[in-house]
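K.L.:
Supplied structure: structure22.cif, mmCIF, C-alpha atoms.
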```cif
data_protein
#
loop_
_atom_site.label_atom_id
_atom_site.label_comp_id
_atom_site.auth_asym_id
_atom_site.auth_seq_id
_atom_site.Cartn_x
_atom_site.Cartn_y
_atom_site.Cartn_z
CA MET A 1 16.83 28.42 19.25
CA LYS A 2 13.84 26.83 17.57
CA ARG A 3 10.59 27.43 19.45
CA LYS A 4 8.44 24.44 20.46
CA LEU A 5 5.21 24.01 18.55
CA ALA A 6 1.77 24.20 20.15
CA VAL A 7 -1.53 23.42 18.44
CA VAL A 8 -4.01 26.08 19.57
CA LEU A 9 -7.74 25.68 18.91
CA ALA A 10 -8.92 29.08 17.68
CA SER A 11 -12.66 29.51 17.26
CA GLY A 12 -12.47 33.23 16.59
CA GLY A 13 -13.93 33.93 20.03
CA MET A 14 -12.35 35.81 22.93
CA ASP A 15 -11.50 32.80 25.11
CA SER A 16 -9.41 31.02 22.47
CA CYS A 17 -7.81 34.36 21.55
CA VAL A 18 -6.58 34.85 25.13
CA THR A 19 -5.47 31.19 25.18
CA LEU A 20 -3.41 31.85 22.05
CA ALA A 21 -1.94 34.96 23.68
CA GLU A 22 -0.91 32.75 26.66
CA ALA A 23 0.82 30.20 24.38
CA VAL A 24 2.71 32.97 22.57
CA ALA A 25 3.65 34.63 25.89
CA GLY A 26 4.99 31.22 26.99
CA GLY A 27 7.48 31.26 24.09
CA LEU A 28 5.68 28.68 21.94
CA GLU A 29 5.18 28.80 18.20
CA PRO A 30 1.43 28.45 17.56
CA ALA A 31 -0.21 26.25 14.93
CA LEU A 32 -3.84 27.33 14.72
CA MET A 33 -6.72 24.95 14.14
CA HIS A 34 -10.17 26.30 13.32
CA VAL A 35 -13.24 24.10 13.10
CA GLN A 36 -16.46 24.67 11.19
CA TYR A 37 -19.32 22.41 12.14
CA GLY A 38 -22.27 23.90 10.34
CA GLN A 39 -22.94 26.43 13.08
CA ARG A 40 -25.08 29.44 12.19
CA THR A 41 -22.31 32.06 12.42
CA GLN A 42 -19.50 30.02 10.85
CA ARG A 43 -18.61 32.55 8.14
CA ARG A 44 -18.14 35.33 10.74
CA GLU A 45 -16.16 33.09 13.09
CA ARG A 46 -13.81 32.07 10.31
CA LEU A 47 -13.21 35.73 9.43
CA ALA A 48 -12.34 36.44 13.07
CA PHE A 49 -9.98 33.42 13.03
CA THR A 50 -8.17 34.82 9.97
CA HIS A 51 -7.84 38.28 11.52
CA ILE A 52 -6.43 36.82 14.75
CA ALA A 53 -4.00 34.53 12.85
CA ASP A 54 -2.82 37.52 10.80
CA HIS A 55 -2.37 39.58 13.98
CA TYR A 56 -0.03 36.91 15.38
CA ARG A 57 1.70 36.43 11.98
CA VAL A 58 0.92 32.71 11.83
CA PRO A 59 2.10 31.38 8.43
CA ALA A 60 -0.31 29.55 6.11
CA GLU A 61 1.23 26.11 6.77
CA ARG A 62 0.46 26.52 10.48
CA ARG A 63 -3.26 27.18 9.91
CA LEU A 64 -5.72 24.32 9.56
CA VAL A 65 -9.43 24.80 8.86
CA VAL A 66 -11.42 21.62 9.37
CA ASP A 67 -15.01 20.96 8.41
CA ILE A 68 -16.81 18.65 10.83
CA SER A 69 -20.32 19.39 9.59
CA HIS A 70 -21.12 15.68 10.01
CA LEU A 71 -21.81 16.83 13.60
CA ALA A 72 -24.62 18.94 12.12
CA ALA A 73 -25.98 15.85 10.39
CA ILE A 74 -25.91 14.00 13.70
CA GLY A 75 -27.94 16.86 15.18
CA GLY A 76 -28.88 17.40 18.78
CA SER A 77 -27.96 21.10 18.94
CA SER A 78 -29.72 24.37 18.15
CA LEU A 79 -26.39 25.76 16.90
CA THR A 80 -26.39 23.40 13.93
CA ASP A 81 -30.07 22.63 13.35
CA PRO A 82 -31.63 25.34 11.15
CA ALA A 83 -35.11 24.28 12.32
CA GLU A 84 -34.35 25.17 15.92
CA PRO A 85 -33.85 28.86 16.81
CA VAL A 86 -31.10 29.93 19.22
CA ALA A 87 -32.93 30.96 22.39
CA ASP A 88 -32.24 34.15 24.32
CA GLY A 89 -29.75 33.37 27.05
CA ARG A 90 -30.62 32.90 30.72
CA LEU A 91 -27.46 32.79 32.77
CA ASP A 92 -29.26 31.24 35.73
CA ALA A 93 -30.64 28.29 33.70
CA LEU A 94 -29.79 24.84 35.00
CA GLY A 95 -28.53 21.77 33.16
CA VAL A 96 -27.11 21.31 29.68
CA PRO A 97 -28.32 24.07 27.34
CA ARG A 98 -29.71 23.46 23.84
CA THR A 99 -26.67 25.13 22.24
CA TYR A 100 -24.61 22.12 23.36
CA VAL A 101 -23.08 20.08 20.50
CA PRO A 102 -22.70 16.49 21.78
CA PHE A 103 -19.07 15.70 22.72
CA ARG A 104 -17.79 18.61 20.61
CA ASN A 105 -14.56 19.09 22.55
CA GLY A 106 -13.81 15.36 22.36
CA ASN A 107 -14.01 15.65 18.58
CA LEU A 108 -11.90 18.83 18.49
CA ILE A 109 -9.18 17.44 20.74
CA SER A 110 -9.00 14.24 18.66
CA ILE A 111 -8.46 16.15 15.42
CA ALA A 112 -5.91 18.40 17.12
CA ALA A 113 -4.10 15.29 18.38
CA SER A 114 -3.83 13.91 14.83
CA TRP A 115 -2.37 17.21 13.61
CA ALA A 116 -0.09 17.60 16.65
CA GLU A 117 1.40 14.18 16.01
CA VAL A 118 2.14 14.99 12.36
CA LEU A 119 3.62 18.42 13.23
CA GLY A 120 5.59 17.13 16.21
CA ALA A 121 3.82 19.62 18.49
CA GLU A 122 4.26 19.16 22.24
CA SER A 123 0.92 20.48 23.43
CA ILE A 124 -2.69 21.28 22.53
CA TRP A 125 -4.19 24.52 23.88
CA LEU A 126 -7.91 24.98 24.47
CA GLY A 127 -9.82 27.98 25.76
CA VAL A 128 -12.31 25.96 27.79
CA VAL A 129 -13.76 27.55 30.93
CA GLU A 130 -15.30 25.38 33.63
CA GLU A 131 -17.04 28.12 35.60
CA ASP A 132 -18.64 30.24 32.93
CA GLY A 133 -22.13 29.05 33.74
CA SER A 134 -22.72 27.49 30.32
CA GLY A 135 -22.91 23.96 31.77
CA TYR A 136 -21.12 22.13 28.94
CA PRO A 137 -19.90 18.76 30.31
CA ASP A 138 -16.92 18.64 27.92
CA CYS A 139 -15.42 21.80 29.47
CA ARG A 140 -14.70 20.19 32.84
CA ALA A 141 -11.15 19.62 34.10
CA GLY A 142 -11.81 15.92 34.74
CA PHE A 143 -12.78 15.41 31.12
CA ILE A 144 -9.67 17.25 29.90
CA ARG A 145 -7.37 15.10 32.07
CA ALA A 146 -9.06 11.89 30.82
CA MET A 147 -8.59 13.01 27.20
CA GLU A 148 -4.94 13.82 27.91
CA LEU A 149 -4.44 10.31 29.25
CA ALA A 150 -6.15 8.90 26.13
CA LEU A 151 -3.80 10.97 23.92
CA ARG A 152 -0.74 9.71 25.73
CA LEU A 153 -1.85 6.08 25.51
CA GLY A 154 -3.26 6.24 21.99
CA SER A 155 -0.92 8.34 19.92
CA GLY A 156 2.24 7.31 18.16
CA GLY A 157 4.36 10.32 19.01
CA GLY A 158 5.99 8.96 22.13
CA GLY A 159 3.30 9.84 24.64
CA GLU A 160 4.40 13.35 25.61
CA LEU A 161 1.41 15.35 24.38
CA ARG A 162 -0.11 17.72 26.97
CA ILE A 163 -3.45 19.56 26.95
CA GLU A 164 -3.20 23.13 28.27
CA THR A 165 -6.31 25.01 29.39
CA PRO A 166 -4.99 28.22 30.97
CA LEU A 167 -8.46 29.78 31.37
CA ILE A 168 -10.25 26.81 32.91
CA ALA A 169 -10.54 28.28 36.40
CA LEU A 170 -11.20 31.89 35.34
CA ASP A 171 -14.49 33.73 34.96
CA LYS A 172 -15.17 36.01 32.00
CA ALA A 173 -13.99 39.12 33.87
CA GLY A 174 -10.74 37.35 34.72
CA ILE A 175 -10.31 36.38 31.07
CA VAL A 176 -10.82 39.99 29.98
CA ARG A 177 -8.24 41.20 32.51
CA ARG A 178 -5.71 38.54 31.51
CA GLY A 179 -6.29 39.26 27.82
CA LEU A 180 -5.66 42.97 28.35
CA GLU A 181 -2.39 42.20 30.21
CA LEU A 182 -1.25 40.02 27.29
CA GLY A 183 -2.39 42.45 24.60
CA ALA A 184 -4.93 40.00 23.11
CA PRO A 185 -6.73 41.66 20.17
CA PHE A 186 -10.31 41.54 21.51
CA ALA A 187 -11.51 43.86 18.72
CA LEU A 188 -10.81 41.06 16.20
CA THR A 189 -12.82 38.38 18.05
CA TRP A 190 -16.44 37.27 17.57
CA SER A 191 -18.65 35.54 20.14
CA CYS A 192 -22.29 36.00 19.08
CA TYR A 193 -24.17 32.74 18.34
CA ARG A 194 -26.84 34.55 16.28
CA GLU A 195 -25.59 37.48 14.18
CA GLU A 196 -22.67 38.20 11.85
CA GLU A 197 -22.60 42.01 11.41
CA ARG A 198 -23.29 43.44 14.85
CA ALA A 199 -23.48 41.11 17.85
CA CYS A 200 -27.05 40.53 19.11
CA GLY A 201 -26.20 41.21 22.75
CA THR A 202 -28.89 38.83 24.00
CA CYS A 203 -27.78 35.23 23.28
CA ASP A 204 -25.96 33.20 26.00
CA SER A 205 -22.57 33.94 24.50
CA CYS A 206 -23.13 37.72 24.20
CA LEU A 207 -24.53 37.94 27.74
CA LEU A 208 -21.47 36.21 29.20
CA ARG A 209 -19.11 38.35 27.18
CA LEU A 210 -20.79 41.65 28.04
CA ARG A 211 -20.93 40.77 31.74
CA GLY A 212 -17.20 39.90 31.63
CA PHE A 213 -16.23 43.27 30.21
CA GLN A 214 -18.58 45.08 32.58
CA ARG A 215 -17.22 43.33 35.68
CA SER A 216 -13.63 43.96 34.61
CA GLY A 217 -14.46 47.67 34.39
CA THR A 218 -13.70 47.96 30.67
CA THR A 219 -15.68 48.28 27.44
CA ASP A 220 -16.07 45.58 24.80
CA PRO A 221 -14.57 46.99 21.57
CA ILE A 222 -16.87 45.08 19.15
CA PRO A 223 -20.13 46.56 17.77
CA TYR A 224 -23.52 45.54 19.20
CA ARG A 225 -27.00 46.04 17.76
CA MET B 1 -39.58 -5.31 24.84
CA LYS B 2 -37.58 -2.61 23.09
CA ARG B 3 -33.96 -3.60 22.45
CA LYS B 4 -31.16 -1.33 23.72
CA LEU B 5 -29.27 0.58 21.06
CA ALA B 6 -25.56 0.09 20.36
CA VAL B 7 -23.45 2.21 17.99
CA VAL B 8 -21.18 -0.22 16.10
CA LEU B 9 -18.26 1.05 14.04
CA ALA B 10 -18.38 -0.89 10.79
CA SER B 11 -15.45 -0.43 8.43
CA GLY B 12 -16.54 -3.16 6.06
CA GLY B 13 -13.71 -5.38 7.31
CA MET B 14 -13.95 -8.75 9.03
CA ASP B 15 -13.12 -7.59 12.56
CA SER B 16 -15.92 -5.02 12.74
CA CYS B 17 -18.28 -7.53 11.10
CA VAL B 18 -17.65 -10.06 13.88
CA THR B 19 -18.00 -7.25 16.44
CA LEU B 20 -21.41 -6.42 14.96
CA ALA B 21 -22.35 -10.10 15.12
CA GLU B 22 -21.43 -10.06 18.84
CA ALA B 23 -23.61 -7.00 19.53
CA VAL B 24 -26.55 -8.60 17.72
CA ALA B 25 -26.00 -11.91 19.54
CA GLY B 26 -26.08 -9.91 22.80
CA GLY B 27 -29.62 -8.76 22.02
CA LEU B 28 -28.74 -5.19 21.08
CA GLU B 29 -30.18 -3.19 18.20
CA PRO B 30 -27.22 -1.95 16.13
CA ALA B 31 -26.76 1.56 14.72
CA LEU B 32 -23.91 1.35 12.20
CA MET B 33 -21.34 4.08 11.69
CA HIS B 34 -19.01 3.96 8.70
CA VAL B 35 -16.14 6.39 8.23
CA GLN B 36 -14.43 7.47 5.04
CA TYR B 37 -11.14 9.30 5.51
CA GLY B 38 -9.74 9.48 2.01
CA GLN B 39 -8.24 6.02 2.20
CA ARG B 40 -7.31 4.34 -1.08
CA THR B 41 -9.99 1.63 -0.98
CA GLN B 42 -12.83 3.71 0.44
CA ARG B 43 -15.32 2.96 -2.37
CA ARG B 44 -14.89 -0.80 -1.85
CA GLU B 45 -15.06 -0.56 1.93
CA ARG B 46 -18.29 1.42 1.75
CA LEU B 47 -19.81 -1.22 -0.55
CA ALA B 48 -18.88 -3.92 1.97
CA PHE B 49 -20.44 -1.78 4.74
CA THR B 50 -23.71 -1.57 2.78
CA HIS B 51 -23.78 -5.32 2.12
CA ILE B 52 -23.18 -6.08 5.81
CA ALA B 53 -25.83 -3.54 6.94
CA ASP B 54 -28.32 -5.09 4.49
CA HIS B 55 -27.46 -8.58 5.78
CA TYR B 56 -28.37 -7.51 9.33
CA ARG B 57 -31.45 -5.54 8.10
CA VAL B 58 -30.27 -2.27 9.64
CA PRO B 59 -32.74 0.48 8.63
CA ALA B 60 -31.53 3.65 6.87
CA GLU B 61 -31.98 5.88 9.93
CA ARG B 62 -29.56 3.64 11.85
CA ARG B 63 -26.76 4.00 9.28
CA LEU B 64 -24.34 6.94 9.40
CA VAL B 65 -21.59 7.50 6.83
CA VAL B 66 -19.15 10.18 7.94
CA ASP B 67 -16.43 11.82 5.87
CA ILE B 68 -13.36 12.72 7.87
CA SER B 69 -11.07 13.32 4.92
CA HIS B 70 -9.58 16.27 6.84
CA LEU B 71 -7.43 13.49 8.32
CA ALA B 72 -6.08 12.97 4.80
CA ALA B 73 -5.27 16.68 4.60
CA ILE B 74 -3.40 16.40 7.89
CA GLY B 75 -1.39 13.57 6.34
CA GLY B 76 1.09 11.32 8.04
CA SER B 77 -0.21 8.03 6.61
CA SER B 78 0.39 6.04 3.45
CA LEU B 79 -3.30 5.04 3.47
CA THR B 80 -4.37 8.61 2.71
CA ASP B 81 -1.38 10.14 0.92
CA PRO B 82 -1.56 9.32 -2.82
CA ALA B 83 2.18 10.11 -3.15
CA GLU B 84 3.13 7.31 -0.78
CA PRO B 85 2.53 3.70 -1.92
CA VAL B 86 1.21 1.10 0.49
CA ALA B 87 4.16 -1.19 1.19
CA ASP B 88 4.01 -4.98 1.11
CA GLY B 89 3.35 -6.23 4.62
CA ARG B 90 5.97 -7.72 6.94
CA LEU B 91 4.30 -9.24 9.96
CA ASP B 92 7.55 -9.24 11.93
CA ALA B 93 8.15 -5.50 11.45
CA LEU B 94 8.62 -3.49 14.63
CA GLY B 95 7.13 -0.17 15.67
CA VAL B 96 4.30 1.89 14.23
CA PRO B 97 3.73 1.08 10.55
CA ARG B 98 3.29 3.68 7.81
CA THR B 99 -0.35 2.69 7.32
CA TYR B 100 -1.08 4.28 10.72
CA VAL B 101 -3.47 7.27 10.63
CA PRO B 102 -2.58 9.46 13.64
CA PHE B 103 -5.10 9.02 16.49
CA ARG B 104 -7.70 7.57 14.11
CA ASN B 105 -9.58 5.61 16.76
CA GLY B 106 -9.73 8.67 19.02
CA ASN B 107 -11.45 10.51 16.19
CA LEU B 108 -13.81 7.62 15.43
CA ILE B 109 -14.82 7.11 19.06
CA SER B 110 -15.48 10.85 19.47
CA ILE B 111 -17.85 10.93 16.49
CA ALA B 112 -19.55 7.75 17.68
CA ALA B 113 -19.98 9.34 21.11
CA SER B 114 -21.74 12.36 19.58
CA TRP B 115 -24.11 10.07 17.68
CA ALA B 116 -24.63 7.74 20.64
CA GLU B 117 -25.68 10.67 22.80
CA VAL B 118 -28.23 11.86 20.24
CA LEU B 119 -29.61 8.33 19.69
CA GLY B 120 -29.64 7.47 23.38
CA ALA B 121 -27.40 4.45 22.73
CA GLU B 122 -25.88 2.74 25.74
CA SER B 123 -22.63 1.52 24.20
CA ILE B 124 -20.10 1.93 21.37
CA TRP B 125 -18.68 -1.24 19.80
CA LEU B 126 -15.26 -1.35 18.12
CA GLY B 127 -13.46 -4.22 16.43
CA VAL B 128 -10.01 -3.27 17.70
CA VAL B 129 -7.49 -6.04 18.27
CA GLU B 130 -4.51 -5.47 20.52
CA GLU B 131 -2.48 -8.52 19.54
CA ASP B 132 -2.78 -8.57 15.76
CA GLY B 133 0.80 -7.47 15.24
CA SER B 134 -0.13 -4.22 13.51
CA GLY B 135 1.33 -2.08 16.29
CA TYR B 136 -1.31 0.69 16.26
CA PRO B 137 -1.15 2.54 19.61
CA ASP B 138 -4.85 3.44 19.50
CA CYS B 139 -5.87 -0.25 19.58
CA ARG B 140 -4.58 -0.86 23.10
CA ALA B 141 -6.91 -1.64 26.01
CA GLY B 142 -5.44 1.18 28.12
CA PHE B 143 -6.30 3.71 25.45
CA ILE B 144 -9.86 2.36 25.16
CA ARG B 145 -10.42 2.60 28.92
CA ALA B 146 -9.08 6.19 29.00
CA MET B 147 -11.44 7.15 26.15
CA GLU B 148 -14.35 5.53 27.98
CA LEU B 149 -13.56 7.62 31.04
CA ALA B 150 -13.40 10.74 28.85
CA LEU B 151 -16.82 9.87 27.37
CA ARG B 152 -18.37 9.44 30.79
CA LEU B 153 -16.95 12.72 32.07
CA GLY B 154 -17.47 14.73 28.89
CA SER B 155 -20.83 13.74 27.50
CA GLY B 156 -24.27 15.05 28.42
CA GLY B 157 -26.14 11.78 28.38
CA GLY B 158 -25.79 10.92 32.04
CA GLY B 159 -22.38 9.27 31.96
CA GLU B 160 -23.41 5.68 31.27
CA LEU B 161 -21.76 5.17 27.87
CA ARG B 162 -19.57 2.05 27.60
CA ILE B 163 -17.00 1.07 24.95
CA GLU B 164 -17.15 -2.61 24.04
CA THR B 165 -14.23 -4.30 22.26
CA PRO B 166 -15.10 -8.01 22.23
CA LEU B 167 -12.17 -8.95 19.96
CA ILE B 168 -9.42 -7.06 21.74
CA ALA B 169 -7.68 -10.13 23.17
CA LEU B 170 -8.22 -12.43 20.18
CA ASP B 171 -5.88 -13.22 17.33
CA LYS B 172 -7.10 -13.39 13.73
CA ALA B 173 -7.68 -17.16 13.88
CA GLY B 174 -9.78 -16.68 17.02
CA ILE B 175 -11.79 -13.96 15.27
CA VAL B 176 -12.46 -16.27 12.31
CA ARG B 177 -13.61 -19.06 14.65
CA ARG B 178 -15.86 -16.73 16.65
CA GLY B 179 -17.29 -15.22 13.46
CA LEU B 180 -18.14 -18.66 12.12
CA GLU B 181 -19.91 -19.54 15.40
CA LEU B 182 -21.97 -16.34 15.15
CA GLY B 183 -22.70 -16.72 11.44
CA ALA B 184 -20.87 -13.49 10.52
CA PRO B 185 -21.04 -12.97 6.73
CA PHE B 186 -17.29 -13.04 5.95
CA ALA B 187 -18.00 -13.25 2.21
CA LEU B 188 -19.40 -9.69 2.34
CA THR B 189 -16.35 -8.16 4.08
CA TRP B 190 -13.30 -6.40 2.58
CA SER B 191 -9.89 -6.02 4.20
CA CYS B 192 -7.36 -5.24 1.44
CA TYR B 193 -5.59 -1.86 1.75
CA ARG B 194 -4.61 -1.81 -1.93
CA GLU B 195 -7.18 -3.27 -4.34
CA GLU B 196 -10.94 -3.07 -4.89
CA GLU B 197 -11.78 -5.99 -7.24
CA ARG B 198 -9.74 -8.94 -6.01
CA ALA B 199 -7.74 -8.61 -2.78
CA CYS B 200 -3.98 -8.24 -3.34
CA GLY B 201 -3.03 -10.94 -0.82
CA THR B 202 0.27 -9.21 0.00
CA CYS B 203 -0.47 -6.02 2.01
CA ASP B 204 -0.39 -6.10 5.85
CA SER B 205 -4.12 -6.45 6.10
CA CYS B 206 -4.39 -9.31 3.57
CA LEU B 207 -1.49 -11.19 5.17
CA LEU B 208 -3.11 -11.04 8.62
CA ARG B 209 -6.47 -12.09 7.23
CA LEU B 210 -5.13 -15.00 5.19
CA ARG B 211 -3.05 -16.26 8.12
CA GLY B 212 -6.15 -16.08 10.35
CA PHE B 213 -8.23 -18.25 8.03
CA GLN B 214 -5.31 -20.65 7.50
CA ARG B 215 -4.70 -21.11 11.25
CA SER B 216 -8.40 -21.61 11.92
CA GLY B 217 -8.40 -24.40 9.37
CA THR B 218 -10.92 -22.74 7.05
CA THR B 219 -10.84 -20.95 3.70
CA ASP B 220 -11.40 -17.23 3.16
CA PRO B 221 -14.48 -16.88 0.93
CA ILE B 222 -13.40 -13.62 -0.78
CA PRO B 223 -11.52 -13.58 -4.13
CA TYR B 224 -7.74 -12.98 -4.28
CA ARG B 225 -5.56 -12.06 -7.23
#
```
Can you present the structure in this file as structure tokens?
P.N.:
Amino acid sequence: MKRKLAVVLASGGMDSCVTLAEAVAGGLEPALMHVQYGQRTQRRERLAFTHIADHYRVPAERRLVVDISHLAAIGGSSLTDPAEPVADGRLDALGVPRTYVPFRNGNLISIAASWAEVLGAESIWLGVVEEDGSGYPDCRAGFIRAMELALRLGSGGGGELRIETPLIALDKAGIVRRGLELGAPFALTWSCYREEERACGTCDSCLLRLRGFQRSGTTDPIPYR
Amino acid sequence: MKRKLAVVLASGGMDSCVTLAEAVAGGLEPALMHVQYGQRTQRRERLAFTHIADHYRVPAERRLVVDISHLAAIGGSSLTDPAEPVADGRLDALGVPRTYVPFRNGNLISIAASWAEVLGAESIWLGVVEEDGSGYPDCRAGFIRAMELALRLGSGGGGELRIETPLIALDKAGIVRRGLELGAPFALTWSCYREEERACGTCDSCLLRLRGFQRSGTTDPIPYR
């Protein structure tokens, strides 16, 4: 029997890797979308994406790399503005951090919806996490449900498209544990906002990742400085 | 007193030109966003955009041209696929036409939302028309309201962003009449899906435009073949 298609957003990071592992475990055939938006570590993230896609034997016609570097031109984020350094993380900081790219997930979901409609995919999978302390407004469940409604009302495919966010209520330790159960290839993933050879270990993204592995009682397999 | 900023999507066509005229008449300062997505007539549409922006004296820092030709790579539309000709229009045709770009307005609104947040704009203006017979699902009022909710829940700007669609309930004749009242520069606009020198007069877009001018009892000022 032919497997149903799912568009999975794969950044190269650990959250989207576990999300992909969930879609595969659910019997779906993944189509992987990777987005470059002029972020500092985009070469390294794309390499991680390729390694993960190879691991899951995703054929070339089910991989889509999209350049949305117009978001860099629009500005507003330290991830895309070369003049603004990425600050060391502070997990207790309040409000929207400077690494926020305005309405990034709205843009990503919209592109995924265009592709899903052409492919005839039934769902879009995102590794967003509401409770990871990063404070991004476009990772909240309410936003995801509103976008899903917009997809159903605004797409031509018959209005059946779902958005799946299996990690949304987990913390990083929970994601590590779930990824280990599913055999997600953490060694192939990349999370650091700042470096491309060995992870810095001190940016927001590294701090969250390291704490997740620590709290789950396991060791992160990637190299740190 | 400083005028409030509005991001207006300006395709170079007559509907978005009248929408811009409405925003200006409402006392707002327009920031114009123009999108290229690999469509056949993109050079001509961009020229019309520039003429309209000049007409309204919009400064360079309030003009944004975005390339989303990844939508062409995704395919699914005769507007972006060079192998598929644009068919002659039939205004009585049912269903979603082949000139549909999957979830195009979802993509456009998402980019506009990113820019609006950076600019501090209070609203996004779109020239969508529900009743123009074109059958695009992402021109319906329900879709627009769902996207507005997604913007409020998913953006970092405080959740005040509105989506304004002043033409949504009008027909083409009504748009022509309203544009004439507002002094919209119809002679600078371009609507044809097929040609760049003189409009073809036979594609969907030309047929709708010509019928609108005819029913409003006026003459379209642009040249036809």
K.L.:
Which residues of chain B sit at most 6 Å from chain A, using all atoms listed in the file? Give each one's shortest atom pair and distance in Å (one decimal place), in chain and ascending residue order, as CSV.
P.N.:
```
residue,atom,partner,partner_atom,distance
B:Ile74,CA,A:Trp115,CA,5.9
B:Gly76,CA,A:Val118,CA,5.8
B:Pro102,CA,A:Ser114,CA,4.8
B:Phe103,CA,A:Ser114,CA,5.3
B:Gly106,CA,A:Ser110,CA,5.6
B:Asn107,CA,A:Ser110,CA,5.1
B:Ser110,CA,A:Asn107,CA,5.1
B:Ser114,CA,A:Pro102,CA,4.8
B:Trp115,CA,A:Ile74,CA,5.9
B:Val118,CA,A:Gly76,CA,5.8
B:Pro137,CA,A:Gly154,CA,4.9
B:Asp138,CA,A:Gly154,CA,4.1
B:Phe143,CA,A:Leu153,CA,5.0
B:Ala146,CA,A:Ala150,CA,4.9
B:Met147,CA,A:Ala150,CA,5.6
B:Ala150,CA,A:Ala146,CA,4.9
B:Leu153,CA,A:Phe143,CA,5.1
B:Gly154,CA,A:Asp138,CA,4.1
B:Ser155,CA,A:Phe103,CA,5.5
```
K.L.:
Rounded to one decimal in Å, what is the spacing between atom CA of Ser205 of chain A and atom CA of Ala25 of chain A?
P.N.:
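Taking atom CA of Ser205 of chain A as the start and atom CA of Ala25 of chain A as the end point, the length is 26.3 Å.
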K.L.:
Quick one: distance from atom CA of Val18 of chain B to atom CA of Leu167 of chain B in Å, one decimal?
P.N.:
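Here the two named atoms are 8.3 Å from each other.
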K.L.:
Expanded to explicit residues, what is the PyMOL selection byres ((chain B and resi 124) around 7) for this file, as a list in words?
P.N.:
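On the file shown, the PyMOL selection byres ((chain B and resi 124) around 7) covers Ala6, Val7, Val8, Ala112, Ser123, Trp125, Leu126, Arg162, Ile163 and Glu164 of chain B.
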K.L.:
Could you list the residues chosen by the PyMOL selection byres ((chain B and resi 24) around 12) in this structure as a PyMOL selection string?
P.N.:
chain B and resi 3-8+17-23+25-32+53+55-58+125+182-184
K.L.:
Residues of the last selection are to be written out with C-alpha atoms, as a PDB file, in the frame of the given file.
P.N.:
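Saved to part08.pdb:
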```pdb
ATOM      1  CA  ARG B   3     -33.960  -3.600  22.450  1.00  0.00           C
ATOM      2  CA  LYS B   4     -31.160  -1.330  23.720  1.00  0.00           C
ATOM      3  CA  LEU B   5     -29.270   0.580  21.060  1.00  0.00           C
ATOM      4  CA  ALA B   6     -25.560   0.090  20.360  1.00  0.00           C
ATOM      5  CA  VAL B   7     -23.450   2.210  17.990  1.00  0.00           C
ATOM      6  CA  VAL B   8     -21.180  -0.220  16.100  1.00  0.00           C
ATOM      7  CA  CYS B  17     -18.280  -7.530  11.100  1.00  0.00           C
ATOM      8  CA  VAL B  18     -17.650 -10.060  13.880  1.00  0.00           C
ATOM      9  CA  THR B  19     -18.000  -7.250  16.440  1.00  0.00           C
ATOM     10  CA  LEU B  20     -21.410  -6.420  14.960  1.00  0.00           C
ATOM     11  CA  ALA B  21     -22.350 -10.100  15.120  1.00  0.00           C
ATOM     12  CA  GLU B  22     -21.430 -10.060  18.840  1.00  0.00           C
ATOM     13  CA  ALA B  23     -23.610  -7.000  19.530  1.00  0.00           C
ATOM     14  CA  ALA B  25     -26.000 -11.910  19.540  1.00  0.00           C
ATOM     15  CA  GLY B  26     -26.080  -9.910  22.800  1.00  0.00           C
ATOM     16  CA  GLY B  27     -29.620  -8.760  22.020  1.00  0.00           C
ATOM     17  CA  LEU B  28     -28.740  -5.190  21.080  1.00  0.00           C
ATOM     18  CA  GLU B  29     -30.180  -3.190  18.200  1.00  0.00           C
ATOM     19  CA  PRO B  30     -27.220  -1.950  16.130  1.00  0.00           C
ATOM     20  CA  ALA B  31     -26.760   1.560  14.720  1.00  0.00           C
ATOM     21  CA  LEU B  32     -23.910   1.350  12.200  1.00  0.00           C
ATOM     22  CA  ALA B  53     -25.830  -3.540   6.940  1.00  0.00           C
ATOM     23  CA  HIS B  55     -27.460  -8.580   5.780  1.00  0.00           C
ATOM     24  CA  TYR B  56     -28.370  -7.510   9.330  1.00  0.00           C
ATOM     25  CA  ARG B  57     -31.450  -5.540   8.100  1.00  0.00           C
ATOM     26  CA  VAL B  58     -30.270  -2.270   9.640  1.00  0.00           C
ATOM     27  CA  TRP B 125     -18.680  -1.240  19.800  1.00  0.00           C
ATOM     28  CA  LEU B 182     -21.970 -16.340  15.150  1.00  0.00           C
ATOM     29  CA  GLY B 183     -22.700 -16.720  11.440  1.00  0.00           C
ATOM     30  CA  ALA B 184     -20.870 -13.490  10.520  1.00  0.00           C
TER      31      ALA B 184
END
```
K.L.:
As an exercise, work out the distance from atom CA of Gly212 of chain B to atom CA of Asp15 of chain B in Å and give it to one decimal place.
P.N.:
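A separation of 11.2 Å between them.
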K.L.:
Identify which of the residues A:Met33, A:Ala169, A:Leu9, A:Leu207 lies closest to Glu61 of chain A, counting all atoms listed in the file when measuring atom-to-atom distances.
P.N.:
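Closest residue, counting all atoms listed in the file: A:Met33.
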K.L.:
For a quick check of your reading of the model, name the residues lying within 9 Å of the coordinate (-19.3, 1.3, 3.8), counting only C-alpha atoms, and write them as number ranges by chain.
P.N.:
B: 10-12, 33-36, 42-53, 65
K.L.:
Taking the file as shown, find all residues satisfying the PyMOL selection byres ((chain B and resi 168) around 7) and write them as a PyMOL selection string.
P.N.:
chain B and resi 128-130+165-167+169-170
